[in-house]
>>> print(open('model.cif').read())   # mmCIF, C-alpha atoms
data_start
#
loop_
_atom_site.group_PDB
_atom_site.id
_atom_site.type_symbol
_atom_site.label_atom_id
_atom_site.label_comp_id
_atom_site.auth_asym_id
_atom_site.auth_seq_id
_atom_site.Cartn_x
_atom_site.Cartn_y
_atom_site.Cartn_z
ATOM 1 C CA MET A 1 -99.724 55.938 51.763
ATOM 2 C CA ILE A 2 -103.032 55.821 49.925
ATOM 3 C CA MET A 3 -105.811 57.647 51.770
ATOM 4 C CA THR A 4 -109.542 57.511 51.198
ATOM 5 C CA ILE A 5 -111.662 60.486 52.270
ATOM 6 C CA LYS A 6 -115.428 60.797 52.143
ATOM 7 C CA VAL A 7 -116.601 64.301 51.243
ATOM 8 C CA ARG A 8 -120.169 65.413 52.006
ATOM 9 C CA TYR A 9 -122.148 68.536 51.091
ATOM 10 C CA PHE A 10 -125.283 69.935 52.653
ATOM 11 C CA ALA A 11 -128.127 72.361 51.928
ATOM 12 C CA GLY A 12 -127.595 75.021 49.251
ATOM 13 C CA LEU A 13 -123.997 73.941 48.721
ATOM 14 C CA LYS A 14 -125.133 70.391 47.862
ATOM 15 C CA GLU A 15 -127.382 71.910 45.167
ATOM 16 C CA GLN A 16 -124.557 74.090 43.839
ATOM 17 C CA VAL A 17 -122.125 71.174 43.703
ATOM 18 C CA GLY A 18 -124.821 68.958 42.187
ATOM 19 C CA ARG A 19 -124.172 65.864 44.308
ATOM 20 C CA PRO A 20 -124.427 64.888 47.992
ATOM 21 C CA GLU A 21 -120.978 63.367 48.358
ATOM 22 C CA ASP A 22 -117.677 62.400 46.782
ATOM 23 C CA GLU A 23 -115.000 59.859 47.544
ATOM 24 C CA LEU A 24 -111.422 61.026 47.216
ATOM 25 C CA VAL A 25 -108.360 58.786 47.019
ATOM 26 C CA PHE A 26 -104.968 60.434 47.255
ATOM 27 C CA THR A 27 -101.500 60.095 48.704
ATOM 28 C CA GLY A 28 -99.675 62.356 51.103
ATOM 29 C CA LEU A 29 -100.738 65.091 53.511
ATOM 30 C CA SER A 30 -103.696 67.186 52.555
ATOM 31 C CA THR A 31 -105.713 69.985 54.128
ATOM 32 C CA VAL A 32 -109.474 70.417 54.147
ATOM 33 C CA ARG A 33 -109.107 73.187 51.558
ATOM 34 C CA GLU A 34 -107.062 70.880 49.301
ATOM 35 C CA VAL A 35 -109.753 68.206 49.606
ATOM 36 C CA TRP A 36 -112.302 70.703 48.253
ATOM 37 C CA CYS A 37 -110.019 71.659 45.359
ATOM 38 C CA ALA A 38 -109.347 68.015 44.467
ATOM 39 C CA VAL A 39 -113.035 67.141 44.075
ATOM 40 C CA ASN A 40 -114.316 70.489 42.822
ATOM 41 C CA THR A 41 -111.753 71.438 40.200
ATOM 42 C CA ASP A 42 -114.239 73.737 38.432
ATOM 43 C CA LYS A 43 -115.453 75.600 41.545
ATOM 44 C CA PRO A 44 -113.479 77.734 43.988
ATOM 45 C CA LEU A 45 -114.386 77.178 47.646
ATOM 46 C CA PRO A 46 -117.108 79.741 48.514
ATOM 47 C CA GLY A 47 -115.993 82.296 51.086
ATOM 48 C CA ASN A 48 -118.627 81.750 53.777
ATOM 49 C CA ILE A 49 -118.501 77.955 53.849
ATOM 50 C CA LEU A 50 -118.088 75.995 57.094
ATOM 51 C CA ALA A 51 -116.148 72.744 57.275
ATOM 52 C CA ALA A 52 -116.209 69.742 59.591
ATOM 53 C CA VAL A 53 -114.055 66.634 59.903
ATOM 54 C CA ASN A 54 -115.695 63.611 61.529
ATOM 55 C CA MET A 55 -118.579 65.868 62.599
ATOM 56 C CA GLU A 56 -116.453 68.454 64.416
ATOM 57 C CA TYR A 57 -115.871 71.988 63.151
ATOM 58 C CA VAL A 58 -112.385 72.570 61.719
ATOM 59 C CA GLU A 59 -110.401 75.325 60.042
ATOM 60 C CA LEU A 60 -109.775 74.975 56.312
ATOM 61 C CA ASP A 61 -106.055 74.404 56.864
ATOM 62 C CA SER A 62 -106.615 71.365 59.112
ATOM 63 C CA ILE A 63 -104.906 68.175 57.963
ATOM 64 C CA VAL A 64 -107.141 65.234 57.048
ATOM 65 C CA GLN A 65 -106.405 61.580 57.834
ATOM 66 C CA ASP A 66 -107.225 58.322 56.072
ATOM 67 C CA GLY A 67 -110.871 57.399 56.596
ATOM 68 C CA ASP A 68 -111.982 60.906 57.594
ATOM 69 C CA GLU A 69 -115.398 62.253 56.683
ATOM 70 C CA VAL A 70 -115.026 65.850 55.517
ATOM 71 C CA ALA A 71 -118.167 67.990 55.248
ATOM 72 C CA PHE A 72 -118.742 71.388 53.662
ATOM 73 C CA PHE A 73 -121.876 73.421 54.279
ATOM 74 C CA PRO A 74 -123.282 76.971 54.395
ATOM 75 C CA PRO A 75 -123.856 78.925 57.636
ATOM 76 C CA VAL A 76 -126.416 77.086 59.762
ATOM 77 C CA THR A 77 -129.986 78.376 60.047
ATOM 78 C CA GLY A 78 -131.810 76.155 62.536
ATOM 79 C CA GLY A 79 -133.894 77.068 65.533
ATOM 80 C CA MET B 1 -130.063 65.899 79.456
ATOM 81 C CA THR B 2 -131.993 64.766 76.414
ATOM 82 C CA ILE B 3 -131.638 65.796 72.785
ATOM 83 C CA ARG B 4 -134.127 64.668 70.184
ATOM 84 C CA ILE B 5 -134.338 65.332 66.469
ATOM 85 C CA VAL B 6 -137.890 64.623 65.290
ATOM 86 C CA GLN B 7 -139.539 64.299 61.867
ATOM 87 C CA ASP B 8 -143.129 64.711 63.008
ATOM 88 C CA CYS B 9 -144.935 67.684 64.506
ATOM 89 C CA PHE B 10 -144.643 67.721 68.301
ATOM 90 C CA ASP B 11 -146.484 69.436 71.135
ATOM 91 C CA PRO B 12 -143.809 71.263 73.162
ATOM 92 C CA TYR B 13 -146.064 71.668 76.205
ATOM 93 C CA ARG B 14 -146.761 67.929 76.377
ATOM 94 C CA GLU B 15 -143.031 67.241 75.879
ATOM 95 C CA ILE B 16 -142.141 69.444 78.847
ATOM 96 C CA GLN B 17 -144.782 67.909 81.111
ATOM 97 C CA ALA B 18 -143.928 64.328 80.100
ATOM 98 C CA TYR B 19 -140.200 64.918 80.590
ATOM 99 C CA GLN B 20 -140.706 66.539 83.972
ATOM 100 C CA ASP B 21 -143.036 63.724 85.088
ATOM 101 C CA SER B 22 -140.552 61.033 84.009
ATOM 102 C CA ALA B 23 -137.486 62.666 85.612
ATOM 103 C CA LYS B 24 -138.258 61.553 89.158
ATOM 104 C CA ALA B 25 -134.779 62.443 90.410
ATOM 105 C CA MET B 26 -135.476 66.154 90.048
ATOM 106 C CA THR B 27 -138.845 66.110 91.833
ATOM 107 C CA GLY B 28 -138.731 68.718 94.576
ATOM 108 C CA LYS B 29 -135.261 69.905 93.499
ATOM 109 C CA PHE B 30 -136.052 72.463 90.797
ATOM 110 C CA GLY B 31 -137.409 75.905 91.503
ATOM 111 C CA ALA B 32 -137.058 77.309 88.007
ATOM 112 C CA THR B 33 -137.902 76.049 84.521
ATOM 113 C CA ALA B 34 -136.947 78.268 81.576
ATOM 114 C CA ILE B 35 -138.594 77.368 78.295
ATOM 115 C CA PHE B 36 -137.998 78.572 74.763
ATOM 116 C CA ILE B 37 -140.243 77.472 71.903
ATOM 117 C CA GLY B 38 -139.416 78.502 68.337
ATOM 118 C CA THR B 39 -142.423 78.453 66.000
ATOM 119 C CA MET B 40 -142.575 78.768 62.227
ATOM 120 C CA ARG B 41 -143.854 82.150 60.998
ATOM 121 C CA ASP B 42 -145.875 82.634 57.801
ATOM 122 C CA PHE B 43 -143.635 85.538 56.769
ATOM 123 C CA ASN B 44 -139.920 86.218 56.420
ATOM 124 C CA ASP B 45 -137.871 88.995 54.827
ATOM 125 C CA GLY B 46 -141.007 90.715 53.517
ATOM 126 C CA ASP B 47 -142.456 87.617 51.836
ATOM 127 C CA GLU B 48 -145.309 85.263 52.714
ATOM 128 C CA VAL B 49 -144.052 81.774 53.487
ATOM 129 C CA LYS B 50 -146.319 78.728 53.218
ATOM 130 C CA GLY B 51 -143.927 75.952 54.160
ATOM 131 C CA MET B 52 -140.388 75.049 55.028
ATOM 132 C CA THR B 53 -138.025 72.103 54.806
ATOM 133 C CA LEU B 54 -135.381 71.665 57.486
ATOM 134 C CA GLU B 55 -132.278 69.712 56.516
ATOM 135 C CA HIS B 56 -129.727 68.502 59.052
ATOM 136 C CA TYR B 57 -126.480 66.535 59.222
ATOM 137 C CA PRO B 58 -127.437 63.316 61.055
ATOM 138 C CA GLY B 59 -124.827 62.546 63.674
ATOM 139 C CA MET B 60 -123.129 65.939 63.659
ATOM 140 C CA THR B 61 -126.302 67.772 64.648
ATOM 141 C CA GLU B 62 -126.775 65.596 67.727
ATOM 142 C CA LYS B 63 -123.057 65.797 68.545
ATOM 143 C CA GLN B 64 -123.032 69.607 68.395
ATOM 144 C CA LEU B 65 -126.192 69.887 70.498
ATOM 145 C CA GLU B 66 -124.669 67.557 73.109
ATOM 146 C CA LEU B 67 -121.541 69.750 73.219
ATOM 147 C CA ILE B 68 -123.663 72.893 73.612
ATOM 148 C CA VAL B 69 -125.721 71.459 76.486
ATOM 149 C CA ALA B 70 -122.588 70.047 78.154
ATOM 150 C CA LYS B 71 -120.987 73.495 78.000
ATOM 151 C CA ALA B 72 -124.090 75.042 79.561
ATOM 152 C CA GLN B 73 -123.932 72.420 82.324
ATOM 153 C CA GLN B 74 -120.326 73.424 83.057
ATOM 154 C CA GLN B 75 -121.163 77.112 83.132
ATOM 155 C CA TRP B 76 -124.433 77.148 85.094
ATOM 156 C CA ARG B 77 -126.048 75.052 87.813
ATOM 157 C CA ILE B 78 -128.527 73.060 85.756
ATOM 158 C CA ILE B 79 -130.477 70.073 87.008
ATOM 159 C CA ASP B 80 -131.634 68.910 83.586
ATOM 160 C CA ALA B 81 -132.184 70.099 80.017
ATOM 161 C CA LEU B 82 -134.354 69.002 77.109
ATOM 162 C CA VAL B 83 -133.811 70.018 73.478
ATOM 163 C CA VAL B 84 -136.239 68.923 70.743
ATOM 164 C CA HIS B 85 -135.767 70.069 67.135
ATOM 165 C CA ARG B 86 -137.835 69.341 64.036
ATOM 166 C CA VAL B 87 -136.453 68.311 60.648
ATOM 167 C CA GLY B 88 -138.243 67.656 57.376
ATOM 168 C CA ALA B 89 -141.379 69.430 56.129
ATOM 169 C CA ILE B 90 -142.810 72.071 58.473
ATOM 170 C CA LEU B 91 -145.881 74.309 58.183
ATOM 171 C CA PRO B 92 -146.500 77.766 59.660
ATOM 172 C CA ASN B 93 -147.575 77.737 63.296
ATOM 173 C CA GLU B 94 -145.838 74.415 63.947
ATOM 174 C CA PRO B 95 -143.084 74.324 66.564
ATOM 175 C CA ILE B 96 -139.511 74.066 65.249
ATOM 176 C CA VAL B 97 -137.504 73.920 68.459
ATOM 177 C CA LEU B 98 -137.975 73.458 72.188
ATOM 178 C CA VAL B 99 -135.308 74.249 74.776
ATOM 179 C CA ALA B 100 -136.258 73.604 78.404
ATOM 180 C CA VAL B 101 -133.867 74.001 81.330
ATOM 181 C CA TRP B 102 -134.560 73.026 84.934
ATOM 182 C CA SER B 103 -132.561 74.579 87.751
ATOM 183 C CA SER B 104 -132.920 75.327 91.447
ATOM 184 C CA HIS B 105 -132.942 79.074 90.715
ATOM 185 C CA ARG B 106 -134.107 81.301 87.869
ATOM 186 C CA GLY B 107 -130.794 82.952 87.014
ATOM 187 C CA ASP B 108 -129.137 79.706 85.947
ATOM 188 C CA ALA B 109 -132.281 78.537 84.129
ATOM 189 C CA PHE B 110 -132.689 81.791 82.169
ATOM 190 C CA ASP B 111 -129.005 82.174 81.301
ATOM 191 C CA ALA B 112 -128.449 78.543 80.331
ATOM 192 C CA SER B 113 -131.557 78.383 78.139
ATOM 193 C CA ARG B 114 -130.520 81.577 76.342
ATOM 194 C CA TYR B 115 -127.010 80.236 75.854
ATOM 195 C CA ILE B 116 -128.253 76.894 74.501
ATOM 196 C CA MET B 117 -130.626 78.597 72.068
ATOM 197 C CA GLU B 118 -128.067 81.109 70.762
ATOM 198 C CA ALA B 119 -125.379 78.427 70.400
ATOM 199 C CA LEU B 120 -127.867 76.163 68.585
ATOM 200 C CA LYS B 121 -128.555 79.025 66.155
ATOM 201 C CA SER B 122 -124.877 79.438 65.277
ATOM 202 C CA LYS B 123 -123.413 75.920 65.688
ATOM 203 C CA ALA B 124 -126.019 73.179 65.183
ATOM 204 C CA PRO B 125 -126.076 72.025 61.546
ATOM 205 C CA PHE B 126 -129.649 72.675 60.449
ATOM 206 C CA TRP B 127 -130.630 74.508 57.254
ATOM 207 C CA LYS B 128 -133.995 76.019 56.378
ATOM 208 C CA LYS B 129 -135.421 76.133 52.881
ATOM 209 C CA GLU B 130 -138.541 78.275 52.578
ATOM 210 C CA LEU B 131 -141.431 77.704 50.200
ATOM 211 C CA LEU B 132 -143.092 81.054 49.444
ATOM 212 C CA THR B 133 -146.760 81.547 48.551
ATOM 213 C CA SER B 134 -145.499 82.414 45.042
ATOM 214 C CA ASP B 135 -144.176 78.790 44.925
ATOM 215 C CA ASP B 136 -140.587 80.067 44.760
ATOM 216 C CA GLU B 137 -138.136 78.229 47.013
ATOM 217 C CA ARG B 138 -135.155 79.791 48.746
ATOM 218 C CA TRP B 139 -132.548 78.792 51.301
ATOM 219 C CA VAL B 140 -132.365 80.952 54.407
ATOM 220 C CA LEU B 141 -128.795 82.230 54.142
ATOM 221 C CA LYS B 142 -128.183 83.267 57.746
ATOM 222 C CA ASN B 143 -129.876 83.525 61.101
ATOM 223 C CA SER B 144 -130.824 86.966 62.405
ATOM 224 C CA ASP B 145 -129.616 88.377 65.717
ATOM 225 C CA GLY B 146 -133.004 87.517 67.203
ATOM 226 C CA TYR B 147 -134.549 90.990 67.190
ATOM 227 C CA LYS B 148 -137.099 92.429 64.779
ATOM 228 C CA THR B 149 -135.453 94.635 62.179
ATOM 229 C CA MET B 150 -137.273 97.913 61.530
#
>>> encode(input="model.cif", output="structure tokens")
Amino acid sequence: MIMTIKVRYFAGLKEQVGRPEDELVFTGLSTVREVWCAVNTDKPLPGNILAAVNMEYVELDSIVQDGDEVAFFPPVTGG
Amino acid sequence: MTIRIVQDCFDPYREIQAYQDSAKAMTGKFGATAIFIGTMRDFNDGDEVKGMTLEHYPGMTEKQLELIVAKAQQQWRIIDALVVHRVGAILPNEPIVLVAVWSSHRGDAFDASRYIMEALKSKAPFWKKELLTSDDERWVLKNSDGYKTM
């Protein structure tokens, strides 16, 4: 099955990656960590990064589904 | 419960009064209102700061704040809650965040407002970028524990 995933980056990570988002098309099961590796082949996933799928926090080994929006961002600093 | 993300500077005191005046259902029911207002400082980590930009994740930020307030409602006896948070360009002395909690008694109001604020600090996707008086820019990398470091 062909799956399409939208990948978004925020704050300092968006600047490091150099773009606000990616679209990833792949087949088969994939985790959040594998999504990062597929679209950032030149950059290892930073250690303190948080991840969300469809705007809910997830662990990096969570499985993504077709149509999911995956987001990566640094620790939050609001308030 | 109301959550608002706003681009423009707001007056937290007017927000509280207007919200309380419009929420007729709680008239006569609340005996305690706990309020937290976070304001932008002109200093951080030993440097003078002249401005700040607050980025957020539209959709997820609101969703996380709704979850936080809902959890507070489960844990304490709250009548109503209001959360207002700025995004975009902010100047020193401008308010960043308002958390107001109405309850029949002070214990629930104090505890729930503290919980909402601390959870917002660790879970709500906002990111601060500071502009220093030297014109250098830097991302704030993590929130403090909320106490002045000596």
>>> closest_residue(input="model.cif", among="B:Trp102, B:Met52, B:Ile68, B:Ser113", to="Arg138 (chain B)", atoms="only C-alpha atoms")
B:Met52
>>> closest_atom_pairs(input="model.cif", of="chain A", to="chain B", cutoff="7 Å", atoms="all atoms listed in the file", output="tab-separated table")
residue	atom	partner	partner_atom	distance
A:Ala11	CA	B:Trp127	CA	6.3
A:Gly12	CA	B:Trp139	CA	6.6
A:Met55	CA	B:Met60	CA	4.7
A:Pro75	CA	B:Lys142	CA	6.1
A:Val76	CA	B:Pro125	CA	5.4
A:Thr77	CA	B:Trp127	CA	4.8
A:Gly78	CA	B:Phe126	CA	4.6
A:Gly79	CA	B:Val97	CA	5.6
>>> residues_around(input="model.cif", residues="Ile79 (chain B)", least_positions_apart="6", cutoff="12 Å", atoms="all atoms listed in the file", output="ChimeraX atom specification")
/B:1-2,20,23-34,69-70,72-73,100-106,108-109,112
>>> residues_around(input="model.cif", residues="Gly28 (chain A)", least_positions_apart="3", cutoff="12 Å", atoms="only C-alpha atoms", output="list in words")
Met1, Ile2, Met3, Thr4, Val25, Thr31, Glu34, Val35, Ile63, Val64, Gln65 and Asp66 of chain A
>>> atom_distance(input="model.cif", atom1="CA of Gly67 (chain A)", atom2="CA of Leu50 (chain A)")
20.0 Å
>>> residues_around(input="model.cif", residues="Lys43 (chain A)", least_positions_apart="3", cutoff="12 Å", atoms="all atoms listed in the file", output="list in words")
Leu13, Gln16, Val17, Gly18, Trp36, Cys37, Ala38, Val39, Asn40, Pro46 and Gly47 of chain A
